[in-house]
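Everything below concerns the one structure shown next.
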Amino acid sequence: MRRTIVSERVSQGAFVGVSALLFVVSTAVTIVFSTSMSEIDEMPMPGGWTMSMAWMRMPGQTWVGAAGAFTSLWVVMMMAMMLPSLVPMLSRYRQAIRKAGGAAVGWLTAMAGIGYFLAWSLYGIVAFPLGAALTTLAMQQPALARAVPIAVGVVVLVAGALQFTAWKAHHLACCRQATVLDSVLQARAGSALRHGLRLGIECIRCCGALMAVLLVIGFMDVPMMTVVAAAITVERLAPAAESAARAVGVAAVAAGLFLIVRAVS
């Protein structure tokens with residue numbers, strides 16, 4: 001019995017250590033890449049804003065290569081932003097697997113984590129062509145480019161308003177509880193991967209709008225990434241989840257109104 005307890009503590013310690021290491025490495029890589037991208041001159045656009053090079057091809061780069069580079073960087077950034085709120089969910093999964101008598105808990109946890117970030121990578125895969133198409137149109141249509149600052153404010157405003165909805169409350173509760181279905185308790189890699197995908201999809205439903213704010217305001221902007229990651233983490237882990245979500249909503253609505261008024265004036 002004592003040997004089992006010691007083994008579980010060692011396993012949990014290894015899980016926490018690996019998670020912390022992944023967080024540190026992904027954060028460092030994100031900062032390095034964001035710093036290198038900030039050194040590239042952004043394109044001034046009509047309306048007083050600048051276009052990020054993240055949505056454009058580098059010289060000699062194909063669109064497939066640009067999409068691949070964006071997605072790779074997106075996944076690393078997601079690891080840095082989402083690991084603090086993912087670790088508690090994976091801990092509950094580990095406990096459920098262990099209570100069900102499952103073996104290879106570490107391997108199954110890793111597969112669940114891969115499934116989770118696979119879901120977020122699909123979010124990035126969808127976001128890139130949309131962002132690239134919009135930036136291409138903005139370069140070709142000055143009138144559209146001048147409307148972008150207002151559109152950014154509207155996106156932020158809508159994301160803030162969604163924080164007060166029943167949709168947000170429902171999916172936030174699902175993310176916080178992270179129920180482990182009986183079908184997931186099978187000690188199989190496929191079941192763990194599907195569980196991670198389910199967690200990732202639920203998280204996208206819960207905070208995909210906040211991530212859209214990051215995309216429109218400043219993809220690879222470290223201060224903005226920190227703000228969005230902190231907002232997501234707080235509403236996931238704070239004792240009063242709905243109050244935290246509403247506080248984030250108030251801040252986002254205020255920011256959206258400010259951006260709209262500034263763009264109009």
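Naming scheme: A, B, ... for chains in displayed order of the structure tokens; residues 1 onward per chain; ligands 1 onward as shown.
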
List the spatial neighbours of Met45 (chain A) as a list of chain:residue names - criterion: any atom at most 12 Å away, only C-alpha atoms, same-chain residues fewer than 3 positions off excluded.
A:Glu42, A:Gly48, A:Trp49, A:Thr50, A:Met51, A:Ser52, A:Thr135, A:Thr136, A:Leu137, A:Ala138, A:Met139, A:Gln140, A:Gln141, A:Pro142, A:Ala143, A:Leu144, A:Ala145, A:Arg146, A:Ala147, A:Val148, A:Pro149

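The list of residues with at least one atom within 10 Å of Leu210 (chain A), based on only C-alpha atoms and without residues fewer than 2 positions apart in the same chain, reads Val155, Val156, Val158, Ala159, Gly160, Leu162, Gln163, Ile204, Cys206, Cys207, Gly208, Ala212, Val213, Leu214, Leu215, Val228, Ala229, Ala231, Ile232, Val248, Gly249 and Ala252 of chain A.
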
Write the residues of the preceding selection, restricted to C-alpha atoms, as a CSV table (one decimal), in the first residue's frame.
chain,number,residue,atom,x,y,z
A,155,VAL,CA,-14.8,42.1,-32.4
A,156,VAL,CA,-13.5,43.0,-28.9
A,158,VAL,CA,-18.7,41.2,-29.1
A,159,ALA,CA,-16.2,39.0,-27.3
A,160,GLY,CA,-16.8,40.9,-24.1
A,162,LEU,CA,-20.4,36.9,-24.9
A,163,GLN,CA,-18.9,36.7,-21.5
A,204,ILE,CA,-12.6,26.6,-27.9
A,206,CYS,CA,-15.6,28.6,-24.0
A,207,CYS,CA,-12.8,31.0,-24.9
A,208,GLY,CA,-12.5,31.0,-28.7
A,212,ALA,CA,-10.2,36.0,-31.6
A,213,VAL,CA,-9.4,39.2,-29.7
A,214,LEU,CA,-5.8,38.3,-29.6
A,215,LEU,CA,-5.8,37.5,-33.3
A,228,VAL,CA,-5.6,37.0,-22.6
A,229,ALA,CA,-3.9,34.0,-21.0
A,231,ALA,CA,-8.1,36.2,-18.3
A,232,ILE,CA,-8.6,32.6,-19.4
A,248,VAL,CA,-13.3,39.9,-18.0
A,249,GLY,CA,-16.4,40.8,-20.1
A,252,ALA,CA,-13.4,43.6,-22.9

Got a sec: who's within 12 Å of Glu242 (chain A), counting only C-alpha atoms, leaving out chain neighbours fewer than 3 positions off, as a list in words?
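Returned residues: Gln163, Phe164, Thr165, Ala166, Trp167, Lys168, Ala169, His170, His171, Leu172, Ala173, Arg176, Val234, Glu235, Arg236, Leu237, Ala238, Pro239, Ala245, Arg246, Ala247, Val248 and Gly249 of chain A.
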
Same residues, C-alpha atoms, saved as an mmCIF file, in the first residue's frame:
data_model
loop_
_atom_site.group_PDB
_atom_site.id
_atom_site.type_symbol
_atom_site.label_atom_id
_atom_site.label_comp_id
_atom_site.auth_asym_id
_atom_site.auth_seq_id
_atom_site.Cartn_x
_atom_site.Cartn_y
_atom_site.Cartn_z
ATOM 1 C CA GLN A 163 -18.856 36.719 -21.454
ATOM 2 C CA PHE A 164 -22.298 37.496 -19.987
ATOM 3 C CA THR A 165 -24.238 34.847 -21.926
ATOM 4 C CA ALA A 166 -25.624 31.487 -20.830
ATOM 5 C CA TRP A 167 -23.482 29.916 -23.592
ATOM 6 C CA LYS A 168 -20.346 31.159 -21.872
ATOM 7 C CA ALA A 169 -21.508 30.058 -18.423
ATOM 8 C CA HIS A 170 -22.378 26.570 -19.696
ATOM 9 C CA HIS A 171 -19.106 25.909 -21.500
ATOM 10 C CA LEU A 172 -17.033 27.498 -18.750
ATOM 11 C CA ALA A 173 -18.634 25.077 -16.286
ATOM 12 C CA ARG A 176 -13.890 23.583 -15.111
ATOM 13 C CA VAL A 234 -8.482 33.281 -13.897
ATOM 14 C CA GLU A 235 -11.973 32.408 -15.100
ATOM 15 C CA ARG A 236 -11.038 28.704 -15.235
ATOM 16 C CA LEU A 237 -9.437 28.490 -11.793
ATOM 17 C CA ALA A 238 -11.048 31.240 -9.688
ATOM 18 C CA PRO A 239 -13.562 30.032 -7.072
ATOM 19 C CA ALA A 245 -15.957 35.777 -16.534
ATOM 20 C CA ARG A 246 -18.166 38.844 -16.122
ATOM 21 C CA ALA A 247 -15.204 40.905 -14.916
ATOM 22 C CA VAL A 248 -13.313 39.881 -18.048
ATOM 23 C CA GLY A 249 -16.415 40.812 -20.056
#

May I have the residues within 7 Å of Ala189 (chain A) as a PDB file with N, CA and C atoms, in the first residue's frame, using only C-alpha atoms and disregarding those fewer than 2 positions away in the same chain?
ATOM      1  N   LEU A 108      -0.993   7.824 -21.301  1.00  0.00           N
ATOM      2  CA  LEU A 108      -2.362   8.230 -21.614  1.00  0.00           C
ATOM      3  C   LEU A 108      -2.553   9.729 -21.396  1.00  0.00           C
ATOM      4  N   MET A 111      -1.149  11.512 -24.369  1.00  0.00           N
ATOM      5  CA  MET A 111      -2.041  11.422 -25.525  1.00  0.00           C
ATOM      6  C   MET A 111      -3.223  12.380 -25.377  1.00  0.00           C
ATOM      7  N   ALA A 187      -7.899   1.970 -20.956  1.00  0.00           N
ATOM      8  CA  ALA A 187      -6.479   2.305 -21.041  1.00  0.00           C
ATOM      9  C   ALA A 187      -5.994   2.172 -22.484  1.00  0.00           C
ATOM     10  N   SER A 191      -8.680   6.348 -26.878  1.00  0.00           N
ATOM     11  CA  SER A 191      -9.640   6.935 -25.939  1.00  0.00           C
ATOM     12  C   SER A 191      -9.072   8.192 -25.299  1.00  0.00           C
ATOM     13  N   ALA A 192      -7.776   8.151 -24.945  1.00  0.00           N
ATOM     14  CA  ALA A 192      -7.132   9.328 -24.352  1.00  0.00           C
ATOM     15  C   ALA A 192      -7.078  10.476 -25.345  1.00  0.00           C
ATOM     16  N   LEU A 193      -6.764  10.167 -26.601  1.00  0.00           N
ATOM     17  CA  LEU A 193      -6.694  11.202 -27.632  1.00  0.00           C
ATOM     18  C   LEU A 193      -8.057  11.852 -27.839  1.00  0.00           C
TER      19      LEU A 193
END

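Minimum atom-to-atom distances from A:Pro88, A:Gly13, A:Gly68, A:Pro46 to Ala263 (chain A) were compared using only C-alpha atoms, and the lowest value belongs to A:Pro46.
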
Running DSSP on the backbone, which parts of region 136-203 of chain A land in helix (DSSP H, G or I), as a PDB file with N, CA and C atoms, in the first residue's frame?
ATOM      1  N   THR A 136      -5.208  40.547 -47.322  1.00  0.00           N
ATOM      2  CA  THR A 136      -5.004  40.745 -48.763  1.00  0.00           C
ATOM      3  C   THR A 136      -6.050  41.701 -49.320  1.00  0.00           C
ATOM      4  N   LEU A 137      -7.299  41.520 -48.904  1.00  0.00           N
ATOM      5  CA  LEU A 137      -8.349  42.437 -49.350  1.00  0.00           C
ATOM      6  C   LEU A 137      -8.110  43.853 -48.843  1.00  0.00           C
ATOM      7  N   ALA A 138      -7.621  43.972 -47.610  1.00  0.00           N
ATOM      8  CA  ALA A 138      -7.357  45.298 -47.048  1.00  0.00           C
ATOM      9  C   ALA A 138      -6.265  46.017 -47.824  1.00  0.00           C
ATOM     10  N   MET A 139      -5.287  45.262 -48.313  1.00  0.00           N
ATOM     11  CA  MET A 139      -4.225  45.885 -49.118  1.00  0.00           C
ATOM     12  C   MET A 139      -4.743  46.339 -50.474  1.00  0.00           C
ATOM     13  N   GLN A 140      -5.761  45.659 -50.973  1.00  0.00           N
ATOM     14  CA  GLN A 140      -6.290  45.985 -52.298  1.00  0.00           C
ATOM     15  C   GLN A 140      -7.400  47.025 -52.254  1.00  0.00           C
ATOM     16  N   PRO A 142      -8.552  50.248 -50.168  1.00  0.00           N
ATOM     17  CA  PRO A 142      -8.286  51.250 -49.118  1.00  0.00           C
ATOM     18  C   PRO A 142      -9.486  51.531 -48.228  1.00  0.00           C
ATOM     19  N   ALA A 143     -10.705  51.504 -48.799  1.00  0.00           N
ATOM     20  CA  ALA A 143     -11.900  51.756 -47.992  1.00  0.00           C
ATOM     21  C   ALA A 143     -12.068  50.677 -46.925  1.00  0.00           C
ATOM     22  N   LEU A 144     -11.811  49.443 -47.307  1.00  0.00           N
ATOM     23  CA  LEU A 144     -11.885  48.342 -46.342  1.00  0.00           C
ATOM     24  C   LEU A 144     -10.808  48.491 -45.278  1.00  0.00           C
ATOM     25  N   ALA A 145      -9.615  48.897 -45.693  1.00  0.00           N
ATOM     26  CA  ALA A 145      -8.517  49.074 -44.739  1.00  0.00           C
ATOM     27  C   ALA A 145      -8.858  50.136 -43.699  1.00  0.00           C
ATOM     28  N   ARG A 146      -9.520  51.207 -44.136  1.00  0.00           N
ATOM     29  CA  ARG A 146      -9.879  52.270 -43.194  1.00  0.00           C
ATOM     30  C   ARG A 146     -10.945  51.811 -42.189  1.00  0.00           C
ATOM     31  N   ALA A 147     -11.706  50.769 -42.555  1.00  0.00           N
ATOM     32  CA  ALA A 147     -12.750  50.264 -41.654  1.00  0.00           C
ATOM     33  C   ALA A 147     -12.218  49.240 -40.654  1.00  0.00           C
ATOM     34  N   VAL A 148     -10.990  48.797 -40.848  1.00  0.00           N
ATOM     35  CA  VAL A 148     -10.448  47.748 -39.985  1.00  0.00           C
ATOM     36  C   VAL A 148     -10.402  48.143 -38.505  1.00  0.00           C
ATOM     37  N   PRO A 149      -9.924  49.350 -38.145  1.00  0.00           N
ATOM     38  CA  PRO A 149      -9.897  49.695 -36.712  1.00  0.00           C
ATOM     39  C   PRO A 149     -11.265  49.613 -36.044  1.00  0.00           C
ATOM     40  N   ILE A 150     -12.320  50.020 -36.764  1.00  0.00           N
ATOM     41  CA  ILE A 150     -13.668  49.904 -36.206  1.00  0.00           C
ATOM     42  C   ILE A 150     -14.055  48.434 -36.058  1.00  0.00           C
ATOM     43  N   ALA A 151     -13.723  47.635 -37.079  1.00  0.00           N
ATOM     44  CA  ALA A 151     -14.052  46.209 -37.035  1.00  0.00           C
ATOM     45  C   ALA A 151     -13.345  45.520 -35.868  1.00  0.00           C
ATOM     46  N   VAL A 152     -12.114  45.906 -35.602  1.00  0.00           N
ATOM     47  CA  VAL A 152     -11.377  45.335 -34.470  1.00  0.00           C
ATOM     48  C   VAL A 152     -12.095  45.657 -33.160  1.00  0.00           C
ATOM     49  N   GLY A 153     -12.532  46.911 -33.021  1.00  0.00           N
ATOM     50  CA  GLY A 153     -13.278  47.292 -31.827  1.00  0.00           C
ATOM     51  C   GLY A 153     -14.557  46.504 -31.672  1.00  0.00           C
ATOM     52  N   VAL A 154     -15.247  46.246 -32.785  1.00  0.00           N
ATOM     53  CA  VAL A 154     -16.495  45.472 -32.742  1.00  0.00           C
ATOM     54  C   VAL A 154     -16.216  44.038 -32.289  1.00  0.00           C
ATOM     55  N   VAL A 155     -15.132  43.439 -32.801  1.00  0.00           N
ATOM     56  CA  VAL A 155     -14.781  42.073 -32.398  1.00  0.00           C
ATOM     57  C   VAL A 155     -14.529  42.013 -30.900  1.00  0.00           C
ATOM     58  N   VAL A 156     -13.787  42.967 -30.382  1.00  0.00           N
ATOM     59  CA  VAL A 156     -13.495  43.002 -28.943  1.00  0.00           C
ATOM     60  C   VAL A 156     -14.784  43.205 -28.147  1.00  0.00           C
ATOM     61  N   LEU A 157     -15.649  44.096 -28.633  1.00  0.00           N
ATOM     62  CA  LEU A 157     -16.919  44.372 -27.958  1.00  0.00           C
ATOM     63  C   LEU A 157     -17.803  43.127 -27.916  1.00  0.00           C
ATOM     64  N   VAL A 158     -17.908  42.430 -29.042  1.00  0.00           N
ATOM     65  CA  VAL A 158     -18.739  41.216 -29.107  1.00  0.00           C
ATOM     66  C   VAL A 158     -18.163  40.126 -28.191  1.00  0.00           C
ATOM     67  N   ALA A 159     -16.824  39.976 -28.206  1.00  0.00           N
ATOM     68  CA  ALA A 159     -16.199  38.982 -27.328  1.00  0.00           C
ATOM     69  C   ALA A 159     -16.501  39.282 -25.866  1.00  0.00           C
ATOM     70  N   GLY A 160     -16.489  40.572 -25.508  1.00  0.00           N
ATOM     71  CA  GLY A 160     -16.825  40.947 -24.139  1.00  0.00           C
ATOM     72  C   GLY A 160     -18.273  40.670 -23.807  1.00  0.00           C
ATOM     73  N   ALA A 161     -19.170  40.955 -24.748  1.00  0.00           N
ATOM     74  CA  ALA A 161     -20.594  40.711 -24.513  1.00  0.00           C
ATOM     75  C   ALA A 161     -20.885  39.225 -24.331  1.00  0.00           C
ATOM     76  N   LEU A 162     -20.166  38.368 -25.049  1.00  0.00           N
ATOM     77  CA  LEU A 162     -20.372  36.927 -24.932  1.00  0.00           C
ATOM     78  C   LEU A 162     -20.046  36.409 -23.543  1.00  0.00           C
ATOM     79  N   ALA A 166     -25.463  32.839 -21.369  1.00  0.00           N
ATOM     80  CA  ALA A 166     -25.624  31.487 -20.830  1.00  0.00           C
ATOM     81  C   ALA A 166     -24.698  30.504 -21.540  1.00  0.00           C
ATOM     82  N   TRP A 167     -24.436  30.748 -22.823  1.00  0.00           N
ATOM     83  CA  TRP A 167     -23.482  29.916 -23.592  1.00  0.00           C
ATOM     84  C   TRP A 167     -22.133  29.894 -22.893  1.00  0.00           C
ATOM     85  N   LYS A 168     -21.637  31.074 -22.540  1.00  0.00           N
ATOM     86  CA  LYS A 168     -20.346  31.159 -21.872  1.00  0.00           C
ATOM     87  C   LYS A 168     -20.385  30.449 -20.528  1.00  0.00           C
ATOM     88  N   ALA A 169     -21.408  30.676 -19.742  1.00  0.00           N
ATOM     89  CA  ALA A 169     -21.508  30.058 -18.423  1.00  0.00           C
ATOM     90  C   ALA A 169     -21.538  28.536 -18.530  1.00  0.00           C
ATOM     91  N   HIS A 170     -22.269  28.024 -19.517  1.00  0.00           N
ATOM     92  CA  HIS A 170     -22.378  26.570 -19.696  1.00  0.00           C
ATOM     93  C   HIS A 170     -21.032  25.951 -20.045  1.00  0.00           C
ATOM     94  N   HIS A 171     -20.363  26.511 -21.049  1.00  0.00           N
ATOM     95  CA  HIS A 171     -19.106  25.909 -21.500  1.00  0.00           C
ATOM     96  C   HIS A 171     -17.965  26.178 -20.521  1.00  0.00           C
ATOM     97  N   LEU A 172     -18.030  27.264 -19.792  1.00  0.00           N
ATOM     98  CA  LEU A 172     -17.033  27.498 -18.750  1.00  0.00           C
ATOM     99  C   LEU A 172     -17.170  26.436 -17.655  1.00  0.00           C
ATOM    100  N   ALA A 173     -18.407  26.119 -17.285  1.00  0.00           N
ATOM    101  CA  ALA A 173     -18.634  25.077 -16.286  1.00  0.00           C
ATOM    102  C   ALA A 173     -18.138  23.723 -16.790  1.00  0.00           C
ATOM    103  N   CYS A 174     -18.350  23.446 -18.077  1.00  0.00           N
ATOM    104  CA  CYS A 174     -17.869  22.183 -18.651  1.00  0.00           C
ATOM    105  C   CYS A 174     -16.347  22.106 -18.607  1.00  0.00           C
ATOM    106  N   CYS A 175     -15.686  23.206 -18.904  1.00  0.00           N
ATOM    107  CA  CYS A 175     -14.218  23.227 -18.873  1.00  0.00           C
ATOM    108  C   CYS A 175     -13.700  23.040 -17.455  1.00  0.00           C
ATOM    109  N   ARG A 176     -14.355  23.665 -16.495  1.00  0.00           N
ATOM    110  CA  ARG A 176     -13.890  23.583 -15.111  1.00  0.00           C
ATOM    111  C   ARG A 176     -14.119  22.192 -14.524  1.00  0.00           C
ATOM    112  N   GLN A 177     -15.225  21.560 -14.886  1.00  0.00           N
ATOM    113  CA  GLN A 177     -15.518  20.238 -14.349  1.00  0.00           C
ATOM    114  C   GLN A 177     -14.763  19.140 -15.082  1.00  0.00           C
ATOM    115  N   ASP A 182     -17.171   7.431 -19.008  1.00  0.00           N
ATOM    116  CA  ASP A 182     -16.804   6.037 -18.759  1.00  0.00           C
ATOM    117  C   ASP A 182     -16.052   5.427 -19.933  1.00  0.00           C
ATOM    118  N   SER A 183     -16.428   5.838 -21.143  1.00  0.00           N
ATOM    119  CA  SER A 183     -15.762   5.282 -22.331  1.00  0.00           C
ATOM    120  C   SER A 183     -14.296   5.693 -22.419  1.00  0.00           C
ATOM    121  N   VAL A 184     -13.934   6.765 -21.693  1.00  0.00           N
ATOM    122  CA  VAL A 184     -12.559   7.250 -21.738  1.00  0.00           C
ATOM    123  C   VAL A 184     -11.665   6.468 -20.785  1.00  0.00           C
ATOM    124  N   LEU A 185     -12.265   5.780 -19.824  1.00  0.00           N
ATOM    125  CA  LEU A 185     -11.495   5.110 -18.791  1.00  0.00           C
ATOM    126  C   LEU A 185     -10.782   3.863 -19.289  1.00  0.00           C
ATOM    127  N   ALA A 189      -4.799   4.422 -26.120  1.00  0.00           N
ATOM    128  CA  ALA A 189      -4.326   5.708 -26.616  1.00  0.00           C
ATOM    129  C   ALA A 189      -5.434   6.444 -27.363  1.00  0.00           C
ATOM    130  N   GLY A 190      -6.243   5.703 -28.124  1.00  0.00           N
ATOM    131  CA  GLY A 190      -7.318   6.336 -28.886  1.00  0.00           C
ATOM    132  C   GLY A 190      -8.337   7.001 -27.980  1.00  0.00           C
ATOM    133  N   SER A 191      -8.680   6.348 -26.878  1.00  0.00           N
ATOM    134  CA  SER A 191      -9.640   6.935 -25.939  1.00  0.00           C
ATOM    135  C   SER A 191      -9.072   8.192 -25.299  1.00  0.00           C
ATOM    136  N   ALA A 192      -7.776   8.151 -24.945  1.00  0.00           N
ATOM    137  CA  ALA A 192      -7.132   9.328 -24.352  1.00  0.00           C
ATOM    138  C   ALA A 192      -7.078  10.476 -25.345  1.00  0.00           C
ATOM    139  N   LEU A 193      -6.764  10.167 -26.601  1.00  0.00           N
ATOM    140  CA  LEU A 193      -6.694  11.202 -27.632  1.00  0.00           C
ATOM    141  C   LEU A 193      -8.057  11.852 -27.839  1.00  0.00           C
ATOM    142  N   ARG A 194      -9.102  11.041 -27.875  1.00  0.00           N
ATOM    143  CA  ARG A 194     -10.459  11.580 -28.053  1.00  0.00           C
ATOM    144  C   ARG A 194     -10.871  12.434 -26.855  1.00  0.00           C
ATOM    145  N   HIS A 195     -10.463  12.015 -25.665  1.00  0.00           N
ATOM    146  CA  HIS A 195     -10.768  12.813 -24.479  1.00  0.00           C
ATOM    147  C   HIS A 195     -10.092  14.179 -24.580  1.00  0.00           C
ATOM    148  N   GLY A 196      -8.825  14.191 -25.006  1.00  0.00           N
ATOM    149  CA  GLY A 196      -8.126  15.467 -25.173  1.00  0.00           C
ATOM    150  C   GLY A 196      -8.779  16.341 -26.223  1.00  0.00           C
ATOM    151  N   LEU A 197      -9.206  15.734 -27.319  1.00  0.00           N
ATOM    152  CA  LEU A 197      -9.905  16.493 -28.363  1.00  0.00           C
ATOM    153  C   LEU A 197     -11.194  17.098 -27.811  1.00  0.00           C
ATOM    154  N   ARG A 198     -11.924  16.305 -27.015  1.00  0.00           N
ATOM    155  CA  ARG A 198     -13.166  16.811 -26.437  1.00  0.00           C
ATOM    156  C   ARG A 198     -12.898  17.994 -25.515  1.00  0.00           C
ATOM    157  N   LEU A 199     -11.840  17.890 -24.709  1.00  0.00           N
ATOM    158  CA  LEU A 199     -11.470  19.000 -23.840  1.00  0.00           C
ATOM    159  C   LEU A 199     -11.105  20.236 -24.660  1.00  0.00           C
ATOM    160  N   GLY A 200     -10.340  20.027 -25.734  1.00  0.00           N
ATOM    161  CA  GLY A 200      -9.927  21.155 -26.564  1.00  0.00           C
ATOM    162  C   GLY A 200     -11.098  21.837 -27.242  1.00  0.00           C
ATOM    163  N   ILE A 201     -12.021  21.038 -27.761  1.00  0.00           N
ATOM    164  CA  ILE A 201     -13.204  21.608 -28.420  1.00  0.00           C
ATOM    165  C   ILE A 201     -14.050  22.378 -27.421  1.00  0.00           C
ATOM    166  N   GLU A 202     -14.187  21.848 -26.214  1.00  0.00           N
ATOM    167  CA  GLU A 202     -14.955  22.542 -25.186  1.00  0.00           C
ATOM    168  C   GLU A 202     -14.288  23.859 -24.808  1.00  0.00           C
ATOM    169  N   CYS A 203     -12.969  23.854 -24.744  1.00  0.00           N
ATOM    170  CA  CYS A 203     -12.245  25.084 -24.423  1.00  0.00           C
ATOM    171  C   CYS A 203     -12.373  26.121 -25.539  1.00  0.00           C
TER     172      CYS A 203
END
